[in-house]
$ cat protein37.cif   # mmCIF, C-alpha atoms
data_protein
loop_
_atom_site.group_PDB
_atom_site.id
_atom_site.type_symbol
_atom_site.label_atom_id
_atom_site.label_comp_id
_atom_site.auth_asym_id
_atom_site.auth_seq_id
_atom_site.Cartn_x
_atom_site.Cartn_y
_atom_site.Cartn_z
ATOM 1 C CA MET A 1 44.270 19.559 78.248
ATOM 2 C CA HIS A 2 47.853 18.866 79.167
ATOM 3 C CA ASP A 3 47.131 15.129 79.315
ATOM 4 C CA LYS A 4 45.746 15.207 75.783
ATOM 5 C CA ILE A 5 48.824 17.038 74.543
ATOM 6 C CA ARG A 6 51.123 14.554 76.261
ATOM 7 C CA ARG A 7 49.230 11.574 74.853
ATOM 8 C CA GLY A 8 49.234 13.071 71.376
ATOM 9 C CA ALA A 9 52.961 13.796 71.501
ATOM 10 C CA ALA A 10 53.712 10.305 72.752
ATOM 11 C CA GLY A 11 51.569 8.718 70.052
ATOM 12 C CA LEU A 12 53.168 10.800 67.309
ATOM 13 C CA ALA A 13 56.651 9.966 68.580
ATOM 14 C CA ALA A 14 55.863 6.248 68.698
ATOM 15 C CA LEU A 15 54.474 6.382 65.161
ATOM 16 C CA LEU A 16 57.533 8.173 63.834
ATOM 17 C CA LEU A 17 59.811 5.717 65.591
ATOM 18 C CA ALA A 18 58.047 2.592 64.397
ATOM 19 C CA ALA A 19 57.268 3.627 60.812
ATOM 20 C CA PRO A 20 60.795 3.188 59.411
ATOM 21 C CA VAL A 21 61.160 -0.242 60.988
ATOM 22 C CA TRP A 22 57.775 -1.342 59.586
ATOM 23 C CA ALA A 23 58.723 0.011 56.176
ATOM 24 C CA ALA A 24 62.057 -1.804 56.184
ATOM 25 C CA GLY A 25 60.441 -5.023 57.326
ATOM 26 C CA ALA A 26 57.694 -4.781 54.730
ATOM 27 C CA GLY A 27 60.249 -4.106 52.010
ATOM 28 C CA ALA A 28 62.305 -7.094 53.093
ATOM 29 C CA LYS A 29 59.266 -9.387 52.875
ATOM 30 C CA SER A 30 57.931 -8.090 49.564
ATOM 31 C CA GLU A 31 61.239 -8.377 47.679
ATOM 32 C CA PRO A 32 62.273 -12.027 47.256
ATOM 33 C CA LYS A 33 66.012 -11.452 46.778
ATOM 34 C CA THR A 34 68.232 -8.623 45.739
ATOM 35 C CA VAL A 35 69.554 -9.355 42.257
ATOM 36 C CA ASP A 36 72.389 -6.847 42.374
ATOM 37 C CA PRO A 37 73.521 -5.913 45.915
ATOM 38 C CA ALA A 38 75.968 -3.339 44.525
ATOM 39 C CA ARG A 39 73.032 -1.389 43.078
ATOM 40 C CA ASP A 40 71.206 -1.580 46.423
ATOM 41 C CA TRP A 41 74.362 -0.366 48.177
ATOM 42 C CA ASP A 42 74.459 2.680 45.885
ATOM 43 C CA HIS A 43 70.759 3.318 46.536
ATOM 44 C CA LEU A 44 71.239 3.200 50.305
ATOM 45 C CA TRP A 45 74.304 5.431 50.108
ATOM 46 C CA ASN A 46 72.345 7.988 48.085
ATOM 47 C CA GLU A 47 69.612 7.908 50.743
ATOM 48 C CA VAL A 48 72.186 8.605 53.448
ATOM 49 C CA ILE A 49 73.616 11.529 51.479
ATOM 50 C CA VAL A 50 70.128 12.967 50.902
ATOM 51 C CA ASP A 51 69.208 12.555 54.583
ATOM 52 C CA ILE A 52 72.302 14.242 55.979
ATOM 53 C CA THR A 53 72.014 16.995 53.348
ATOM 54 C CA ILE A 54 68.422 17.765 54.346
ATOM 55 C CA ILE A 55 69.300 17.644 58.054
ATOM 56 C CA GLY A 56 72.309 19.895 57.469
ATOM 57 C CA ILE A 57 70.216 22.445 55.576
ATOM 58 C CA LEU A 58 67.531 22.437 58.301
ATOM 59 C CA PHE A 59 70.106 22.962 61.029
ATOM 60 C CA ALA A 60 71.753 25.754 59.016
ATOM 61 C CA ILE A 61 68.388 27.511 58.582
ATOM 62 C CA VAL A 62 67.516 27.185 62.279
ATOM 63 C CA THR A 63 70.989 28.407 63.263
ATOM 64 C CA ALA A 64 70.726 31.405 60.925
ATOM 65 C CA TRP A 65 67.280 32.202 62.358
ATOM 66 C CA PHE A 66 68.615 32.071 65.929
ATOM 67 C CA ILE A 67 71.516 34.335 64.976
ATOM 68 C CA TRP A 68 69.139 36.827 63.365
ATOM 69 C CA GLN A 69 66.736 36.766 66.290
ATOM 70 C CA ALA A 70 69.505 37.191 68.852
ATOM 71 C CA ARG A 71 71.366 39.934 66.980
ATOM 72 C CA ARG A 72 72.398 43.013 68.876
ATOM 73 C CA ARG A 73 69.919 45.850 68.494
ATOM 74 C CA PRO A 74 70.285 49.591 69.111
ATOM 75 C CA GLY A 75 69.934 50.558 72.753
ATOM 76 C CA ASN A 76 71.037 47.093 73.991
ATOM 77 C CA GLU A 77 67.523 45.748 73.887
ATOM 78 C CA VAL A 78 66.971 42.741 76.121
ATOM 79 C CA GLY A 79 64.741 40.013 74.735
ATOM 80 C CA ALA A 80 62.400 37.686 76.554
ATOM 81 C CA SER A 81 61.616 34.023 75.906
ATOM 82 C CA PRO A 82 58.010 32.804 75.862
ATOM 83 C CA LYS A 83 57.026 30.727 78.846
ATOM 84 C CA LEU A 84 56.333 27.124 77.856
ATOM 85 C CA SER A 85 54.117 24.738 79.725
ATOM 86 C CA PRO A 86 55.706 21.453 80.908
ATOM 87 C CA ALA A 87 53.866 19.546 78.178
ATOM 88 C CA SER A 88 55.058 21.950 75.462
ATOM 89 C CA ALA A 89 58.647 21.804 76.740
ATOM 90 C CA VAL A 90 58.623 17.999 76.686
ATOM 91 C CA GLY A 91 57.033 17.971 73.234
ATOM 92 C CA TRP A 92 59.617 20.347 71.766
ATOM 93 C CA VAL A 93 62.385 18.076 73.070
ATOM 94 C CA VAL A 94 60.970 14.597 72.540
ATOM 95 C CA ILE A 95 59.296 14.949 69.131
ATOM 96 C CA PRO A 96 62.362 16.341 67.251
ATOM 97 C CA ILE A 97 64.510 13.654 68.869
ATOM 98 C CA PHE A 98 62.219 10.902 67.630
ATOM 99 C CA VAL A 99 61.958 12.481 64.174
ATOM 100 C CA PHE A 100 65.724 12.436 63.688
ATOM 101 C CA LEU A 101 66.036 9.063 65.426
ATOM 102 C CA SER A 102 63.473 7.585 63.039
ATOM 103 C CA ILE A 103 65.679 8.612 60.095
ATOM 104 C CA ASP A 104 68.661 6.874 61.697
ATOM 105 C CA LEU A 105 66.608 3.754 62.441
ATOM 106 C CA TYR A 106 65.291 3.665 58.871
ATOM 107 C CA THR A 107 68.826 3.822 57.480
ATOM 108 C CA ALA A 108 70.089 1.246 59.987
ATOM 109 C CA ALA A 109 67.235 -1.172 59.207
ATOM 110 C CA ASN A 110 67.877 -0.969 55.455
ATOM 111 C CA GLY A 111 71.595 -1.333 56.060
ATOM 112 C CA TRP A 112 70.952 -4.491 58.072
ATOM 113 C CA VAL A 113 68.821 -5.935 55.259
ATOM 114 C CA LEU A 114 71.568 -5.122 52.739
ATOM 115 C CA TRP A 115 74.233 -6.696 54.981
ATOM 116 C CA ASN A 116 72.214 -9.916 55.176
ATOM 117 C CA THR A 117 71.935 -9.890 51.385
ATOM 118 C CA PHE A 118 75.702 -9.611 51.034
ATOM 119 C CA ARG A 119 76.165 -12.592 53.381
ATOM 120 C CA ASP A 120 73.454 -14.760 51.762
ATOM 121 C CA VAL A 121 75.178 -16.539 48.871
ATOM 122 C CA PRO A 122 72.884 -17.387 45.908
ATOM 123 C CA ALA A 123 72.370 -21.056 45.090
ATOM 124 C CA ASN A 124 73.185 -20.668 41.365
ATOM 125 C CA ARG A 125 76.709 -19.497 42.064
ATOM 126 C CA LEU A 126 80.119 -20.164 40.595
ATOM 127 C CA GLU A 127 82.412 -21.020 43.510
ATOM 128 C CA ILE A 128 86.118 -20.239 43.189
ATOM 129 C CA LYS A 129 88.917 -20.683 45.701
ATOM 130 C CA LEU A 130 91.253 -17.779 46.355
ATOM 131 C CA GLU A 131 94.638 -17.973 48.062
ATOM 132 C CA ALA A 132 96.177 -14.589 48.782
ATOM 133 C CA GLY A 133 99.899 -14.158 49.302
ATOM 134 C CA MET A 134 102.692 -11.636 49.010
ATOM 135 C CA TYR A 135 101.989 -10.324 46.456
ATOM 136 C CA SER A 136 99.383 -12.029 44.292
ATOM 137 C CA TRP A 137 95.835 -13.330 44.086
ATOM 138 C CA ASP A 138 95.741 -17.021 43.113
ATOM 139 C CA TYR A 139 92.345 -18.281 41.891
ATOM 140 C CA THR A 140 91.420 -21.964 41.495
ATOM 141 C CA TYR A 141 88.271 -22.996 39.596
ATOM 142 C CA PRO A 142 86.230 -26.110 40.491
ATOM 143 C CA ASN A 143 87.761 -28.028 37.556
ATOM 144 C CA GLY A 144 91.325 -27.276 38.647
ATOM 145 C CA VAL A 145 92.046 -24.380 36.273
ATOM 146 C CA ARG A 146 94.241 -21.755 37.950
ATOM 147 C CA THR A 147 94.864 -18.100 37.242
ATOM 148 C CA GLN A 148 96.920 -15.445 38.972
ATOM 149 C CA ASN A 149 95.864 -11.818 39.427
ATOM 150 C CA GLU A 150 93.159 -12.247 36.788
ATOM 151 C CA LEU A 151 89.761 -13.713 37.547
ATOM 152 C CA VAL A 152 87.659 -14.542 34.486
ATOM 153 C CA VAL A 153 83.937 -15.011 35.172
ATOM 154 C CA PRO A 154 80.741 -15.244 33.104
ATOM 155 C CA ALA A 155 78.237 -12.413 33.023
ATOM 156 C CA GLY A 156 74.907 -13.138 34.673
ATOM 157 C CA THR A 157 76.209 -15.706 37.175
ATOM 158 C CA PRO A 158 76.864 -14.820 40.840
ATOM 159 C CA VAL A 159 80.453 -15.566 41.873
ATOM 160 C CA VAL A 160 81.525 -16.512 45.401
ATOM 161 C CA LEU A 161 85.163 -16.525 46.500
ATOM 162 C CA ARG A 162 86.251 -18.867 49.313
ATOM 163 C CA MET A 163 89.353 -17.135 50.557
ATOM 164 C CA THR A 164 92.394 -17.899 52.661
ATOM 165 C CA SER A 165 95.972 -16.626 52.908
ATOM 166 C CA ARG A 166 99.314 -18.386 52.908
ATOM 167 C CA ASP A 167 101.257 -15.743 54.812
ATOM 168 C CA THR A 168 99.575 -12.681 56.356
ATOM 169 C CA LEU A 169 96.364 -10.664 56.368
ATOM 170 C CA HIS A 170 95.109 -9.390 53.018
ATOM 171 C CA SER A 171 91.827 -7.801 51.945
ATOM 172 C CA HIS A 172 90.237 -8.587 48.594
ATOM 173 C CA TYR A 173 88.563 -5.358 47.479
ATOM 174 C CA ILE A 174 86.490 -4.978 44.301
ATOM 175 C CA PRO A 175 85.368 -1.327 44.229
ATOM 176 C CA ASP A 176 82.980 -1.692 41.272
ATOM 177 C CA PHE A 177 80.994 -4.404 43.074
ATOM 178 C CA ARG A 178 81.119 -2.695 46.506
ATOM 179 C CA VAL A 179 82.595 -5.759 48.236
ATOM 180 C CA LYS A 180 85.633 -6.195 50.452
ATOM 181 C CA GLU A 181 86.610 -9.066 52.722
ATOM 182 C CA ASP A 182 89.763 -10.088 54.572
ATOM 183 C CA SER A 183 91.659 -13.258 53.749
ATOM 184 C CA MET A 184 93.777 -14.668 56.562
ATOM 185 C CA PRO A 185 95.876 -17.736 57.372
ATOM 186 C CA GLY A 186 94.080 -20.654 58.975
ATOM 187 C CA ARG A 187 90.599 -19.372 58.247
ATOM 188 C CA ILE A 188 88.230 -19.455 55.265
ATOM 189 C CA THR A 189 86.252 -16.297 54.573
ATOM 190 C CA TYR A 190 84.004 -15.501 51.637
ATOM 191 C CA LEU A 191 82.457 -12.775 49.549
ATOM 192 C CA TRP A 192 80.195 -12.803 46.519
ATOM 193 C CA PHE A 193 79.346 -10.421 43.728
ATOM 194 C CA ASN A 194 77.062 -10.392 40.738
ATOM 195 C CA PRO A 195 78.711 -9.498 37.405
ATOM 196 C CA THR A 196 75.777 -8.474 35.232
ATOM 197 C CA LYS A 197 77.554 -7.421 32.035
ATOM 198 C CA PRO A 198 80.924 -7.929 30.312
ATOM 199 C CA GLY A 199 83.782 -5.649 31.267
ATOM 200 C CA GLU A 200 86.916 -5.324 33.399
ATOM 201 C CA HIS A 201 87.106 -4.402 37.077
ATOM 202 C CA LEU A 202 90.005 -3.554 39.359
ATOM 203 C CA VAL A 203 90.993 -5.702 42.347
ATOM 204 C CA THR A 204 93.201 -4.242 45.070
ATOM 205 C CA CYS A 205 94.443 -5.230 48.516
ATOM 206 C CA ALA A 206 92.812 -2.965 51.085
ATOM 207 C CA GLU A 207 94.914 -4.169 54.045
ATOM 208 C CA TYR A 208 98.570 -3.195 54.480
ATOM 209 C CA CYS A 209 100.489 -6.452 53.993
ATOM 210 C CA GLY A 210 104.108 -5.460 53.429
ATOM 211 C CA VAL A 211 106.529 -3.188 51.631
ATOM 212 C CA MET A 212 105.079 -4.061 48.191
ATOM 213 C CA HIS A 213 101.459 -3.750 49.299
ATOM 214 C CA GLY A 214 100.712 -1.156 46.614
ATOM 215 C CA TYR A 215 101.671 -3.603 43.850
ATOM 216 C CA MET A 216 99.154 -6.253 44.942
ATOM 217 C CA ALA A 217 96.568 -5.545 42.293
ATOM 218 C CA GLY A 218 94.608 -7.657 39.865
ATOM 219 C CA ARG A 219 91.554 -7.521 37.682
ATOM 220 C CA ILE A 220 88.267 -9.271 37.093
ATOM 221 C CA VAL A 221 87.375 -9.937 33.473
ATOM 222 C CA VAL A 222 83.656 -10.498 32.905
ATOM 223 C CA LYS A 223 82.943 -12.293 29.643
ATOM 224 C CA ALA A 224 79.718 -13.131 27.862
ATOM 225 C CA PRO A 225 78.624 -16.715 28.693
ATOM 226 C CA GLU A 226 79.648 -18.117 25.300
ATOM 227 C CA GLU A 227 83.023 -16.350 25.415
ATOM 228 C CA TYR A 228 83.594 -17.611 28.940
ATOM 229 C CA ALA A 229 82.760 -21.186 27.877
ATOM 230 C CA ALA A 230 85.265 -20.964 25.002
ATOM 231 C CA TRP A 231 87.925 -19.517 27.304
ATOM 232 C CA MET A 232 87.355 -22.211 29.908
ATOM 233 C CA LYS A 233 87.524 -24.959 27.282
ATOM 234 C CA GLY A 234 90.901 -23.649 26.163
ATOM 235 C CA GLU A 235 92.150 -23.524 29.761
ATOM 236 C CA GLU A 236 90.953 -27.077 30.383
ATOM 237 C CA THR A 237 92.784 -28.263 27.282
ATOM 238 C CA SER A 238 95.988 -26.548 28.413
ATOM 239 C CA LEU A 239 95.624 -28.004 31.902
ATOM 240 C CA ALA A 240 95.081 -31.511 30.550
ATOM 241 C CA ALA A 241 98.143 -31.210 28.328
ATOM 242 C CA ALA A 242 100.269 -29.937 31.201
ATOM 243 C CA THR A 243 99.206 -32.666 33.600
ATOM 244 C CA ALA A 244 99.275 -35.575 31.121
ATOM 245 C CA PRO A 245 102.051 -38.117 31.818
ATOM 246 C CA ALA A 246 105.000 -37.795 29.500
ATOM 247 C CA ALA A 247 105.219 -40.480 26.830
ATOM 248 C CA VAL A 248 108.081 -42.949 27.331
ATOM 249 C CA PRO A 249 110.114 -43.158 24.092
ATOM 250 C CA ALA A 250 110.423 -46.653 22.731
ATOM 251 C CA THR A 251 114.070 -47.886 22.710
ATOM 252 C CA ALA A 252 115.235 -50.431 20.162
ATOM 253 C CA THR A 253 116.594 -53.559 21.769
ATOM 254 C CA LYS A 254 119.550 -55.218 20.159
ATOM 255 C CA PRO A 255 120.383 -58.881 20.723
ATOM 256 C CA ALA A 256 123.447 -59.361 22.823
ATOM 257 C CA LYS A 257 126.472 -60.655 20.991
ATOM 258 C CA THR A 258 128.026 -63.766 22.482
ATOM 259 C CA ALA A 259 131.568 -64.624 21.766
ATOM 260 C CA ALA A 260 132.176 -68.227 20.690
ATOM 261 C CA LYS A 261 134.483 -70.057 22.975
ATOM 262 C CA LYS A 262 137.374 -71.757 21.393
ATOM 263 C CA THR A 263 138.111 -75.134 22.681
#
$ encode --input "protein37.cif" --output "structure tokens"
Amino acid sequence: MHDKIRRGAAGLAALLLAAPVWAAGAGAKSEPKTVDPARDWDHLWNEVIVDITIIGILFAIVTAWFIWQARRRPGNEVGASPKLSPASAVGWVVIPIFVFLSIDLYTAANGWVLWNTFRDVPANRLEIKLEAGMYSWDYTYPNGVRTQNELVVPAGTPVVLRMTSRDTLHSHYIPDFRVKEDSMPGRITYLWFNPTKPGEHLVTCAEYCGVMHGYMAGRIVVKAPEEYAAWMKGEETSLAAATAPAAVPATATKPAKTAAKKT
């Protein structure tokens, strides 16, 4: 009888332990690619909040029950605990451990999948170079257009930033897109985000970089594709005008006057 109980407890524990990992793996295979990782981040965060809330409520109920059961009674009554068999004692310890561990493994597995999504840059991306410095964000587009503290991007196109720093460590943080990555001298790092609709988003430096660290802020302006194309055309025109060689003014040449020699 005890052997059957032990085998049943072990099988149940193994099932509870493996189920979250199977579920995470199956979800990763069935979904081709996450379109909006920020939305998936919010979903995972909500799952974590729900999990710890349920666990907290369960522990509070069990604690309240223990307090009620062990309350002091008239006459200083002494209670007695039921005698558990070795199999029951092991089951009461192992099964709850694996139940709570399975929740942690489920969250960790989904977090790992989400992390891989954040590091897997889409192929249809707009790639922009970013140089951070005290105290500004300097963006350079593939065509040479440059902006400072304002990144203009089209809606519906993933954007990847290839980042470096010209002085010290900075951290490019975009709260609305749930992304943050350090930029540092001598190394190129990257992050990507998916702006799905027009709007404005705050950019801050999340790493202390000096006495004016709090002023190192910028914004991301997401435009509709046609508005972005018009904006970029205007920037290209301005860039071409600024980099065009200056015209050399034509100077009128006058014939040199020669004085007649008197003989």
$ closest_atom_pairs --input "protein37.cif" --of "range 111-189 of chain A" --to "range 231-243 of chain A" --cutoff "12 Å" --atoms "all atoms listed in the file" --output "Markdown table"
| residue | atom | partner | partner_atom | distance |
| --- | --- | --- | --- | --- |
| A:Thr140 | CA | A:Glu235 | CA | 11.9 |
| A:Tyr141 | CA | A:Met232 | CA | 9.8 |
| A:Pro142 | CA | A:Glu236 | CA | 11.2 |
| A:Asn143 | CA | A:Glu236 | CA | 7.9 |
| A:Gly144 | CA | A:Leu239 | CA | 8.0 |
| A:Val145 | CA | A:Glu235 | CA | 6.6 |
| A:Arg146 | CA | A:Glu235 | CA | 8.6 |
| A:Thr147 | CA | A:Glu235 | CA | 9.6 |
| A:Leu151 | CA | A:Met232 | CA | 11.7 |
| A:Val152 | CA | A:Trp231 | CA | 8.7 |
| A:Val153 | CA | A:Met232 | CA | 9.6 |
| A:Pro154 | CA | A:Met232 | CA | 10.1 |
$ atom_distance --input "protein37.cif" --atom1 "CA of Leu126 in chain A" --atom2 "CA of Cys205 in chain A"
22.2 Å
$ atom_distance --input "protein37.cif" --atom1 "CA of Met184 in chain A" --atom2 "CA of Val222 in chain A"
26.1 Å
$ residues_around --input "protein37.cif" --residues "Trp192 in chain A" --least-positions-apart "3" --cutoff "7 Å" --atoms "only C-alpha atoms" --output "PDB file with C-alpha atoms, keeping the file's coordinate frame"
ATOM      1  CA  VAL A 121      75.178 -16.539  48.871  1.00  0.00           C
ATOM      2  CA  PRO A 158      76.864 -14.820  40.840  1.00  0.00           C
ATOM      3  CA  VAL A 159      80.453 -15.566  41.873  1.00  0.00           C
ATOM      4  CA  VAL A 160      81.525 -16.512  45.401  1.00  0.00           C
ATOM      5  CA  LEU A 161      85.163 -16.525  46.500  1.00  0.00           C
TER       6      LEU A 161
END
$ atom_distance --input "protein37.cif" --atom1 "CA of Glu207 in chain A" --atom2 "CA of Arg166 in chain A"
14.9 Å
$ resolve_selection --input "protein37.cif" --expression "the PyMOL selection byres ((chain A and resi 36) around 10)" --output "list in words"
Lys33, Thr34, Val35, Pro37, Ala38, Arg39, Asp40, Trp41, Thr117, Phe118, Pro158, Phe177, Phe193, Asn194, Pro195 and Thr196 of chain A
$ resolve_selection --input "protein37.cif" --expression "the PyMOL selection byres ((chain A and resi 149) around 8)" --output "list in words"
Ser136, Trp137, Asp138, Tyr139, Thr147, Gln148, Glu150, Leu151, Ala217, Gly218 and Arg219 of chain A
$ residues_around --input "protein37.cif" --residues "Gly133 in chain A" --least-positions-apart "4" --cutoff "10 Å" --atoms "only C-alpha atoms" --output "CSV table (one decimal) with C-alpha atoms, keeping the file's coordinate frame"
chain,number,residue,atom,x,y,z
A,137,TRP,CA,95.8,-13.3,44.1
A,138,ASP,CA,95.7,-17.0,43.1
A,164,THR,CA,92.4,-17.9,52.7
A,165,SER,CA,96.0,-16.6,52.9
A,166,ARG,CA,99.3,-18.4,52.9
A,167,ASP,CA,101.3,-15.7,54.8
A,168,THR,CA,99.6,-12.7,56.4
A,169,LEU,CA,96.4,-10.7,56.4
A,170,HIS,CA,95.1,-9.4,53.0
A,183,SER,CA,91.7,-13.3,53.7
A,184,MET,CA,93.8,-14.7,56.6
A,185,PRO,CA,95.9,-17.7,57.4
A,209,CYS,CA,100.5,-6.5,54.0
A,216,MET,CA,99.2,-6.3,44.9
$ closest_residue --input "protein37.cif" --among "A:Arg178, A:Lys223, A:Lys197, A:Arg162" --to "Arg125 in chain A" --atoms "only C-alpha atoms"
A:Arg162
